[in-house]
Structures are given as structure tokens and as C-alpha cells.
file protein.csv (CSV, N, CA and C atoms)
chain,number,residue,atom,x,y,z
A,56,MET,N,18.5,-3.7,13.8
A,56,MET,CA,19.3,-3.7,12.6
A,56,MET,C,18.4,-4.4,11.5
A,57,ALA,N,18.3,-3.8,10.3
A,57,ALA,CA,17.5,-4.3,9.2
A,57,ALA,C,18.1,-5.6,8.7
A,58,VAL,N,17.2,-6.5,8.3
A,58,VAL,CA,17.6,-7.7,7.8
A,58,VAL,C,18.0,-7.5,6.3
A,59,GLU,N,17.3,-6.7,5.6
A,59,GLU,CA,17.7,-6.4,4.2
A,59,GLU,C,18.3,-5.1,4.1
A,60,THR,N,19.0,-4.9,3.0
A,60,THR,CA,19.7,-3.6,2.7
A,60,THR,C,18.8,-2.8,1.7
A,61,ALA,N,19.2,-1.6,1.5
A,61,ALA,CA,18.5,-0.7,0.5
A,61,ALA,C,18.5,-1.4,-0.9
A,62,ASP,N,19.6,-2.1,-1.2
A,62,ASP,CA,19.7,-2.8,-2.5
A,62,ASP,C,18.7,-3.9,-2.5
A,63,ASP,N,18.5,-4.6,-1.4
A,63,ASP,CA,17.6,-5.7,-1.4
A,63,ASP,C,16.2,-5.2,-1.6
A,64,ARG,N,15.8,-4.1,-1.0
A,64,ARG,CA,14.5,-3.5,-1.1
A,64,ARG,C,14.3,-3.1,-2.6
A,65,THR,N,15.3,-2.5,-3.2
A,65,THR,CA,15.2,-2.1,-4.6
A,65,THR,C,15.0,-3.3,-5.5
A,66,ALA,N,15.7,-4.4,-5.2
A,66,ALA,CA,15.5,-5.6,-6.0
A,66,ALA,C,14.1,-6.2,-5.8
A,67,LEU,N,13.6,-6.2,-4.6
A,67,LEU,CA,12.3,-6.7,-4.3
A,67,LEU,C,11.2,-5.9,-5.1
A,68,LEU,N,11.3,-4.6,-5.1
A,68,LEU,CA,10.4,-3.8,-5.9
A,68,LEU,C,10.6,-4.0,-7.4
A,69,ALA,N,11.8,-4.2,-7.8
A,69,ALA,CA,12.0,-4.4,-9.3
A,69,ALA,C,11.4,-5.7,-9.7
A,70,ASP,N,11.4,-6.7,-8.9
A,70,ASP,CA,10.9,-8.0,-9.2
A,70,ASP,C,9.4,-8.1,-9.1
A,71,PHE,N,8.8,-7.5,-8.1
A,71,PHE,CA,7.4,-7.7,-7.8
A,71,PHE,C,6.6,-6.4,-7.9
A,72,GLY,N,7.2,-5.3,-8.1
A,72,GLY,CA,6.5,-4.0,-8.0
A,72,GLY,C,5.8,-3.6,-9.3
A,73,VAL,N,4.8,-2.7,-9.1
A,73,VAL,CA,4.1,-2.1,-10.2
A,73,VAL,C,4.2,-0.6,-10.1
A,74,SER,N,4.1,0.1,-11.2
A,74,SER,CA,4.1,1.6,-11.2
A,74,SER,C,2.9,2.2,-10.6
A,75,ALA,N,3.0,3.2,-9.9
A,75,ALA,CA,1.9,3.9,-9.3
A,75,ALA,C,2.2,5.4,-9.2
A,76,THR,N,1.2,6.2,-9.0
A,76,THR,CA,1.3,7.6,-8.9
A,76,THR,C,0.8,8.1,-7.5
A,77,TYR,N,1.7,8.6,-6.7
A,77,TYR,CA,1.4,9.1,-5.3
A,77,TYR,C,1.2,10.6,-5.3
A,78,THR,N,0.1,11.0,-4.8
A,78,THR,CA,-0.2,12.4,-4.6
A,78,THR,C,-0.6,12.8,-3.2
A,79,PRO,N,0.3,13.5,-2.5
A,79,PRO,CA,-0.1,14.0,-1.2
A,79,PRO,C,-1.2,15.0,-1.3
A,80,ALA,N,-2.0,15.1,-0.2
A,80,ALA,CA,-3.1,16.1,-0.2
A,80,ALA,C,-2.6,17.5,-0.5
A,81,GLY,N,-3.0,18.1,-1.5
A,81,GLY,CA,-2.5,19.5,-1.9
A,81,GLY,C,-1.1,19.5,-2.4
A,82,GLY,N,-0.6,18.4,-2.8
A,82,GLY,CA,0.8,18.3,-3.2
A,82,GLY,C,0.9,17.9,-4.7
A,83,GLN,N,2.2,17.7,-5.1
A,83,GLN,CA,2.5,17.3,-6.5
A,83,GLN,C,2.6,15.8,-6.6
A,84,ALA,N,2.1,15.3,-7.7
A,84,ALA,CA,2.1,13.8,-8.0
A,84,ALA,C,3.5,13.4,-8.3
A,85,THR,N,3.9,12.2,-7.8
A,85,THR,CA,5.2,11.6,-8.2
A,85,THR,C,5.0,10.1,-8.5
A,86,ALA,N,5.9,9.6,-9.4
A,86,ALA,CA,5.8,8.2,-9.8
A,86,ALA,C,6.6,7.4,-8.7
A,87,VAL,N,6.0,6.3,-8.3
A,87,VAL,CA,6.6,5.4,-7.3
A,87,VAL,C,6.4,4.0,-7.8
A,88,THR,N,7.2,3.0,-7.2
A,88,THR,CA,7.0,1.6,-7.4
A,88,THR,C,6.5,1.0,-6.1
A,89,VAL,N,5.5,0.2,-6.2
A,89,VAL,CA,4.9,-0.4,-5.0
A,89,VAL,C,4.6,-1.9,-5.3
A,90,ILE,N,4.5,-2.7,-4.3
A,90,ILE,CA,3.9,-4.0,-4.4
A,90,ILE,C,2.5,-4.0,-4.0
A,91,PHE,N,1.6,-4.2,-4.9
A,91,PHE,CA,0.1,-4.1,-4.7
A,91,PHE,C,-0.5,-5.5,-4.3
A,92,ASP,N,-1.4,-5.5,-3.4
A,92,ASP,CA,-2.0,-6.7,-2.9
A,92,ASP,C,-3.5,-6.3,-2.6
A,93,SER,N,-4.4,-7.1,-3.0
A,93,SER,CA,-5.8,-6.8,-2.7
A,93,SER,C,-6.5,-8.1,-2.3
A,94,ASP,N,-6.3,-8.5,-1.1
A,94,ASP,CA,-6.9,-9.7,-0.5
A,94,ASP,C,-8.4,-9.5,-0.2
A,95,PHE,N,-9.1,-10.6,-0.1
A,95,PHE,CA,-10.4,-10.6,0.5
A,95,PHE,C,-10.4,-11.2,1.9
A,96,GLN,N,-11.1,-10.5,2.8
A,96,GLN,CA,-11.1,-11.0,4.2
A,96,GLN,C,-12.6,-11.2,4.6
A,97,GLU,N,-12.8,-12.3,5.3
A,97,GLU,CA,-14.2,-12.6,5.7
A,97,GLU,C,-14.6,-11.6,6.8
A,98,ALA,N,-15.8,-11.1,6.7
A,98,ALA,CA,-16.3,-10.2,7.7
A,98,ALA,C,-17.6,-10.7,8.3
A,99,ASP,N,-17.8,-10.5,9.5
A,99,ASP,CA,-19.0,-11.0,10.2
A,99,ASP,C,-19.8,-9.8,10.6
A,100,ALA,N,-21.0,-9.8,10.0
A,100,ALA,CA,-22.0,-8.7,10.3
A,100,ALA,C,-22.9,-9.0,11.4
A,101,GLY,N,-22.7,-10.2,12.0
A,101,GLY,CA,-23.6,-10.6,13.0
A,101,GLY,C,-24.6,-11.6,12.4
A,102,GLY,N,-25.1,-12.5,13.2
A,102,GLY,CA,-26.1,-13.4,12.6
A,102,GLY,C,-25.4,-14.6,11.9
A,103,SER,N,-26.1,-15.2,11.0
A,103,SER,CA,-25.5,-16.4,10.4
A,103,SER,C,-24.9,-16.1,9.0
A,104,ILE,N,-24.9,-14.9,8.5
A,104,ILE,CA,-24.4,-14.6,7.2
A,104,ILE,C,-23.1,-13.9,7.3
A,105,THR,N,-22.1,-14.4,6.6
A,105,THR,CA,-20.8,-13.7,6.5
A,105,THR,C,-20.5,-13.3,5.0
A,106,PHE,N,-19.7,-12.4,4.8
A,106,PHE,CA,-19.3,-12.0,3.5
A,106,PHE,C,-17.9,-11.6,3.5
A,107,ALA,N,-17.4,-11.3,2.3
A,107,ALA,CA,-15.9,-11.0,2.1
A,107,ALA,C,-15.8,-9.5,1.7
A,108,ILE,N,-14.8,-8.9,2.2
A,108,ILE,CA,-14.6,-7.5,1.8
A,108,ILE,C,-13.1,-7.4,1.3
A,109,GLU,N,-13.0,-6.5,0.3
A,109,GLU,CA,-11.6,-6.4,-0.3
A,109,GLU,C,-10.8,-5.5,0.6
A,110,ILE,N,-9.5,-5.8,0.8
A,110,ILE,CA,-8.6,-5.1,1.6
A,110,ILE,C,-7.4,-4.7,0.7
A,111,PRO,N,-7.5,-3.6,-0.1
A,111,PRO,CA,-6.3,-3.3,-0.9
A,111,PRO,C,-5.2,-2.6,0.0
A,112,ARG,N,-4.0,-3.0,-0.4
A,112,ARG,CA,-2.8,-2.4,0.3
A,112,ARG,C,-1.6,-2.4,-0.6
A,113,VAL,N,-0.6,-1.7,-0.2
A,113,VAL,CA,0.7,-1.7,-0.9
A,113,VAL,C,1.8,-1.8,0.1
A,114,LEU,N,2.9,-2.2,-0.4
A,114,LEU,CA,4.2,-2.2,0.4
A,114,LEU,C,5.2,-1.4,-0.5
A,115,ALA,N,5.9,-0.5,0.1
A,115,ALA,CA,6.8,0.4,-0.6
A,115,ALA,C,7.9,0.8,0.3
A,116,THR,N,8.9,1.4,-0.3
A,116,THR,CA,10.0,1.9,0.6
A,116,THR,C,9.5,3.1,1.4
A,117,THR,N,9.9,3.2,2.6
A,117,THR,CA,9.6,4.3,3.4
A,117,THR,C,10.0,5.6,2.9
A,118,ALA,N,11.2,5.6,2.2
A,118,ALA,CA,11.7,6.9,1.6
A,118,ALA,C,10.7,7.5,0.6
A,119,ASP,N,10.0,6.6,-0.2
A,119,ASP,CA,9.0,7.1,-1.1
A,119,ASP,C,7.7,7.6,-0.4
A,120,PHE,N,7.5,7.2,0.8
A,120,PHE,CA,6.3,7.6,1.5
A,120,PHE,C,6.6,8.2,2.9
A,121,ALA,N,7.7,8.9,3.0
A,121,ALA,CA,8.1,9.4,4.3
A,121,ALA,C,7.1,10.4,4.9
A,122,SER,N,6.4,11.1,4.0
A,122,SER,CA,5.4,12.1,4.6
A,122,SER,C,4.0,11.7,4.2
A,123,ALA,N,3.8,10.5,3.9
A,123,ALA,CA,2.4,10.0,3.5
A,123,ALA,C,1.5,10.1,4.7
A,124,ALA,N,0.2,10.5,4.4
A,124,ALA,CA,-0.7,10.6,5.5
A,124,ALA,C,-2.1,10.2,5.0
A,125,GLU,N,-3.0,9.9,6.0
A,125,GLU,CA,-4.3,9.6,5.7
A,125,GLU,C,-5.0,10.6,4.8
A,126,GLY,N,-5.6,10.2,3.7
A,126,GLY,CA,-6.3,11.1,2.8
A,126,GLY,C,-5.5,11.4,1.5
A,127,ASP,N,-4.2,11.0,1.5
A,127,ASP,CA,-3.4,11.2,0.3
A,127,ASP,C,-3.9,10.1,-0.7
A,128,SER,N,-3.6,10.3,-2.0
A,128,SER,CA,-4.1,9.4,-3.0
A,128,SER,C,-3.0,8.6,-3.7
A,129,LEU,N,-3.3,7.5,-4.2
A,129,LEU,CA,-2.4,6.6,-4.9
A,129,LEU,C,-3.2,6.0,-6.1
A,130,VAL,N,-2.6,6.1,-7.3
A,130,VAL,CA,-3.3,5.6,-8.5
A,130,VAL,C,-2.5,4.4,-9.0
A,131,ILE,N,-3.1,3.2,-9.1
A,131,ILE,CA,-2.5,2.0,-9.5
A,131,ILE,C,-3.3,1.4,-10.6
A,132,GLY,N,-2.8,1.2,-11.8
A,132,GLY,CA,-3.5,0.6,-12.9
A,132,GLY,C,-4.7,1.3,-13.3
A,133,GLY,N,-4.7,2.6,-13.2
A,133,GLY,CA,-5.9,3.5,-13.5
A,133,GLY,C,-6.9,3.6,-12.4
A,134,VAL,N,-6.7,2.9,-11.3
A,134,VAL,CA,-7.7,3.0,-10.2
A,134,VAL,C,-7.1,3.9,-9.1
A,135,THR,N,-8.0,4.8,-8.6
A,135,THR,CA,-7.5,5.7,-7.6
A,135,THR,C,-7.9,5.2,-6.2
A,136,TYR,N,-7.0,5.2,-5.3
A,136,TYR,CA,-7.2,4.8,-3.9
A,136,TYR,C,-6.9,5.9,-3.0
A,137,THR,N,-7.6,6.0,-1.9
A,137,THR,CA,-7.2,6.9,-0.8
A,137,THR,C,-6.5,6.1,0.3
A,138,ILE,N,-5.4,6.7,0.8
A,138,ILE,CA,-4.6,6.1,1.8
A,138,ILE,C,-5.4,6.2,3.2
A,139,LEU,N,-5.6,5.1,3.8
A,139,LEU,CA,-6.3,5.1,5.1
A,139,LEU,C,-5.4,5.0,6.3
A,140,VAL,N,-4.4,4.2,6.1
A,140,VAL,CA,-3.4,3.9,7.3
A,140,VAL,C,-2.0,3.8,6.7
A,141,VAL,N,-1.1,4.5,7.4
A,141,VAL,CA,0.3,4.4,7.0
A,141,VAL,C,1.1,3.7,8.1
A,142,MET,N,1.8,2.5,7.8
A,142,MET,CA,2.4,1.7,8.8
A,142,MET,C,3.9,1.4,8.4
A,143,PRO,N,4.8,2.4,8.8
A,143,PRO,CA,6.2,2.1,8.5
A,143,PRO,C,6.7,1.0,9.5
A,144,ASP,N,7.6,0.1,9.0
A,144,ASP,CA,8.0,-1.0,9.8
A,144,ASP,C,9.3,-0.6,10.6
A,145,GLY,N,9.8,0.5,10.4
A,145,GLY,CA,11.1,0.9,11.1
A,145,GLY,C,12.3,0.3,10.5
A,146,GLN,N,12.2,-0.4,9.4
A,146,GLN,CA,13.3,-1.1,8.7
A,146,GLN,C,13.4,-0.7,7.3
A,147,GLY,N,12.7,0.4,6.9
A,147,GLY,CA,12.8,0.8,5.5
A,147,GLY,C,11.7,0.6,4.6
A,148,MET,N,10.7,-0.1,5.1
A,148,MET,CA,9.5,-0.4,4.2
A,148,MET,C,8.2,0.1,5.0
A,149,THR,N,7.2,0.5,4.2
A,149,THR,CA,6.0,1.0,4.7
A,149,THR,C,4.8,0.3,4.1
A,150,GLU,N,3.8,-0.1,4.8
A,150,GLU,CA,2.6,-0.7,4.3
A,150,GLU,C,1.6,0.4,4.4
A,151,LEU,N,0.8,0.5,3.3
A,151,LEU,CA,-0.3,1.5,3.2
A,151,LEU,C,-1.6,0.8,3.0
A,152,ARG,N,-2.6,0.9,3.9
A,152,ARG,CA,-3.9,0.4,3.7
A,152,ARG,C,-4.7,1.4,2.9
A,153,LEU,N,-5.4,0.9,1.9
A,153,LEU,CA,-6.1,1.7,0.9
A,153,LEU,C,-7.6,1.5,0.8
A,154,GLU,N,-8.2,2.5,0.2
A,154,GLU,CA,-9.7,2.3,-0.1
A,154,GLU,C,-9.9,2.9,-1.5
A,155,LYS,N,-10.7,2.2,-2.3
A,155,LYS,CA,-11.0,2.7,-3.6
A,155,LYS,C,-11.8,3.9,-3.5
A,156,GLN,N,-11.6,4.9,-4.4
A,156,GLN,CA,-12.4,6.1,-4.4
A,156,GLN,C,-13.6,5.9,-5.3
call {"tool": "encode", "arguments": {"input": "protein.csv", "output": "C-alpha cells"}}
result
Amino acid sequence: MAVETADDRTALLADFGVSATYTPAGGQATAVTVIFDSDFQEADAGGSITFAIEIPRVLATTADFASAAEGDSLVIGGVTYTILVVMPDGQGMTELRLEKQ
């Protein structure tokens, strides 16, 4: 059973979301609202030097990305991203891992 309702998810996106444009490969672009996050994560390349890499991702309603797949695109703030991984949580939200084009 989901902890939040569809109304809760809508309120979450209204409070923290940004506008984006989702385009499935070979499909039509649609406007969606997503919560965008772009953390940096430490990466170890071996040896004594580490560096940070950017990990862009979004959280959105599963309904908006029900048919999302690797290779689809998402434009946020004028920056185009390719969807790398689609991770629905089974409760109505989906996380998408992205890569800048």
C-alpha cells in the first residue's frame, strides 16, 4: 500500500518540481513536471587520486513516464539529457538517471 496518495504526489511536484519536456525515442514531446537533482559523487579511478562526477536524476510520477526507456530524452532548463535508467518504485513515483547530451 502506498504511503502517499496521488494528491500527495501532485502537491510534492507542485512545491518542488520544475517544468521539463519529455520525448520518447521516435515519439512526440510532452510537458511534464519533475523534481531535478544533480549531486556530485566521489569516484575512485584507482591509485591515490579521486574525483567527483555529476549524477543528474529526476523524480516524477510513474504515470508521466509509464513507457519511458533508456535513450529517451528530457530537457530541463534548456539542457538536454538522455535517460539512462528508469526505476519505478511501485508506489506511483519513478526515478530516472540521466546523462547530459
call {"tool": "select_by_dssp", "arguments": {"input": "protein.csv", "residues": "chain A", "states": "strand (DSSP E or B)", "output": "PyMOL selection string"}}
result
chain A and resi 73-78+85-99+105-116+128-131+134-143+148-155
call {"tool": "residues_near_point", "arguments": {"input": "protein.csv", "point": "(7.4, 2.1, 7.7)", "cutoff": "5 Å", "atoms": "all atoms listed in the file", "output": "NGL selection string"}}
result
:A and (142-145 or 148-149)
call {"tool": "atom_distance", "arguments": {"input": "protein.csv", "atom1": "atom C of Leu68 (chain A)", "atom2": "atom N of Ala80 (chain A)"}}
result
24.0 Å
call {"tool": "residues_near_point", "arguments": {"input": "protein.csv", "point": "(4.2, -0.9, -7.8)", "cutoff": "6.5 Å", "atoms": "only N, CA and C atoms", "output": "compact mmCIF listing (two decimals) with N, CA and C atoms, keeping the file's coordinate frame"}}
result
# COMPACT_ATOMS: atom_id res chain seq x y z
N PHE A 71 8.80 -7.50 -8.10
CA PHE A 71 7.40 -7.70 -7.80
C PHE A 71 6.60 -6.40 -7.90
N GLY A 72 7.20 -5.30 -8.10
CA GLY A 72 6.50 -4.00 -8.00
C GLY A 72 5.80 -3.60 -9.30
N VAL A 73 4.80 -2.70 -9.10
CA VAL A 73 4.10 -2.10 -10.20
C VAL A 73 4.20 -0.60 -10.10
N SER A 74 4.10 0.10 -11.20
CA SER A 74 4.10 1.60 -11.20
C SER A 74 2.90 2.20 -10.60
N ALA A 75 3.00 3.20 -9.90
CA ALA A 75 1.90 3.90 -9.30
C ALA A 75 2.20 5.40 -9.20
N VAL A 87 6.00 6.30 -8.30
CA VAL A 87 6.60 5.40 -7.30
C VAL A 87 6.40 4.00 -7.80
N THR A 88 7.20 3.00 -7.20
CA THR A 88 7.00 1.60 -7.40
C THR A 88 6.50 1.00 -6.10
N VAL A 89 5.50 0.20 -6.20
CA VAL A 89 4.90 -0.40 -5.00
C VAL A 89 4.60 -1.90 -5.30
N ILE A 90 4.50 -2.70 -4.30
CA ILE A 90 3.90 -4.00 -4.40
C ILE A 90 2.50 -4.00 -4.00
N PHE A 91 1.60 -4.20 -4.90
CA PHE A 91 0.10 -4.10 -4.70
C PHE A 91 -0.50 -5.50 -4.30
call {"tool": "atom_distance", "arguments": {"input": "protein.csv", "atom1": "CA of Glu97 (chain A)", "atom2": "CA of Ile110 (chain A)"}}
result
10.2 Å
call {"tool": "build_atoms", "arguments": {"input": "protein.csv", "residues": "region 98-121 of chain A", "atoms": "N, CA, C and O atoms", "output": "compact mmCIF listing (two decimals), keeping the file's coordinate frame"}}
result
# COMPACT_ATOMS: atom_id res chain seq x y z
N ALA A 98 -15.80 -11.10 6.70
CA ALA A 98 -16.30 -10.20 7.70
C ALA A 98 -17.60 -10.70 8.30
O ALA A 98 -18.41 -11.35 7.57
N ASP A 99 -17.80 -10.50 9.50
CA ASP A 99 -19.00 -11.00 10.20
C ASP A 99 -19.80 -9.80 10.60
O ASP A 99 -19.44 -8.94 11.33
N ALA A 100 -21.00 -9.80 10.00
CA ALA A 100 -22.00 -8.70 10.30
C ALA A 100 -22.90 -9.00 11.40
O ALA A 100 -23.90 -8.32 11.62
N GLY A 101 -22.70 -10.20 12.00
CA GLY A 101 -23.60 -10.60 13.00
C GLY A 101 -24.60 -11.60 12.40
O GLY A 101 -24.93 -11.50 11.23
N GLY A 102 -25.10 -12.50 13.20
CA GLY A 102 -26.10 -13.40 12.60
C GLY A 102 -25.40 -14.60 11.90
O GLY A 102 -24.20 -14.86 12.19
N SER A 103 -26.10 -15.20 11.00
CA SER A 103 -25.50 -16.40 10.40
C SER A 103 -24.90 -16.10 9.00
O SER A 103 -24.46 -17.07 8.33
N ILE A 104 -24.90 -14.90 8.50
CA ILE A 104 -24.40 -14.60 7.20
C ILE A 104 -23.10 -13.90 7.30
O ILE A 104 -22.93 -12.90 7.99
N THR A 105 -22.10 -14.40 6.60
CA THR A 105 -20.80 -13.70 6.50
C THR A 105 -20.50 -13.30 5.00
O THR A 105 -21.16 -13.87 4.13
N PHE A 106 -19.70 -12.40 4.80
CA PHE A 106 -19.30 -12.00 3.50
C PHE A 106 -17.90 -11.60 3.50
O PHE A 106 -17.22 -11.53 4.50
N ALA A 107 -17.40 -11.30 2.30
CA ALA A 107 -15.90 -11.00 2.10
C ALA A 107 -15.80 -9.50 1.70
O ALA A 107 -16.64 -9.04 0.89
N ILE A 108 -14.80 -8.90 2.20
CA ILE A 108 -14.60 -7.50 1.80
C ILE A 108 -13.10 -7.40 1.30
O ILE A 108 -12.27 -8.17 1.70
N GLU A 109 -13.00 -6.50 0.30
CA GLU A 109 -11.60 -6.40 -0.30
C GLU A 109 -10.80 -5.50 0.60
O GLU A 109 -11.26 -4.42 1.07
N ILE A 110 -9.50 -5.80 0.80
CA ILE A 110 -8.60 -5.10 1.60
C ILE A 110 -7.40 -4.70 0.70
O ILE A 110 -6.37 -5.43 0.72
N PRO A 111 -7.50 -3.60 -0.10
CA PRO A 111 -6.30 -3.30 -0.90
C PRO A 111 -5.20 -2.60 0.00
O PRO A 111 -5.48 -1.89 0.90
N ARG A 112 -4.00 -3.00 -0.40
CA ARG A 112 -2.80 -2.40 0.30
C ARG A 112 -1.60 -2.40 -0.60
O ARG A 112 -1.54 -3.19 -1.53
N VAL A 113 -0.60 -1.70 -0.20
CA VAL A 113 0.70 -1.70 -0.90
C VAL A 113 1.80 -1.80 0.10
O VAL A 113 1.68 -1.34 1.24
N LEU A 114 2.90 -2.20 -0.40
CA LEU A 114 4.20 -2.20 0.40
C LEU A 114 5.20 -1.40 -0.50
O LEU A 114 5.25 -1.67 -1.71
N ALA A 115 5.90 -0.50 0.10
CA ALA A 115 6.80 0.40 -0.60
C ALA A 115 7.90 0.80 0.30
O ALA A 115 7.86 0.57 1.51
N THR A 116 8.90 1.40 -0.30
CA THR A 116 10.00 1.90 0.60
C THR A 116 9.50 3.10 1.40
O THR A 116 8.71 3.95 0.87
N THR A 117 9.90 3.20 2.60
CA THR A 117 9.60 4.30 3.40
C THR A 117 10.00 5.60 2.90
O THR A 117 9.36 6.65 2.98
N ALA A 118 11.20 5.60 2.20
CA ALA A 118 11.70 6.90 1.60
C ALA A 118 10.70 7.50 0.60
O ALA A 118 10.55 8.68 0.49
N ASP A 119 10.00 6.60 -0.20
CA ASP A 119 9.00 7.10 -1.10
C ASP A 119 7.70 7.60 -0.40
O ASP A 119 6.97 8.41 -1.05
N PHE A 120 7.50 7.20 0.80
CA PHE A 120 6.30 7.60 1.50
C PHE A 120 6.60 8.20 2.90
O PHE A 120 5.76 8.08 3.81
N ALA A 121 7.70 8.90 3.00
CA ALA A 121 8.10 9.40 4.30
C ALA A 121 7.10 10.40 4.90
O ALA A 121 6.95 10.48 6.10
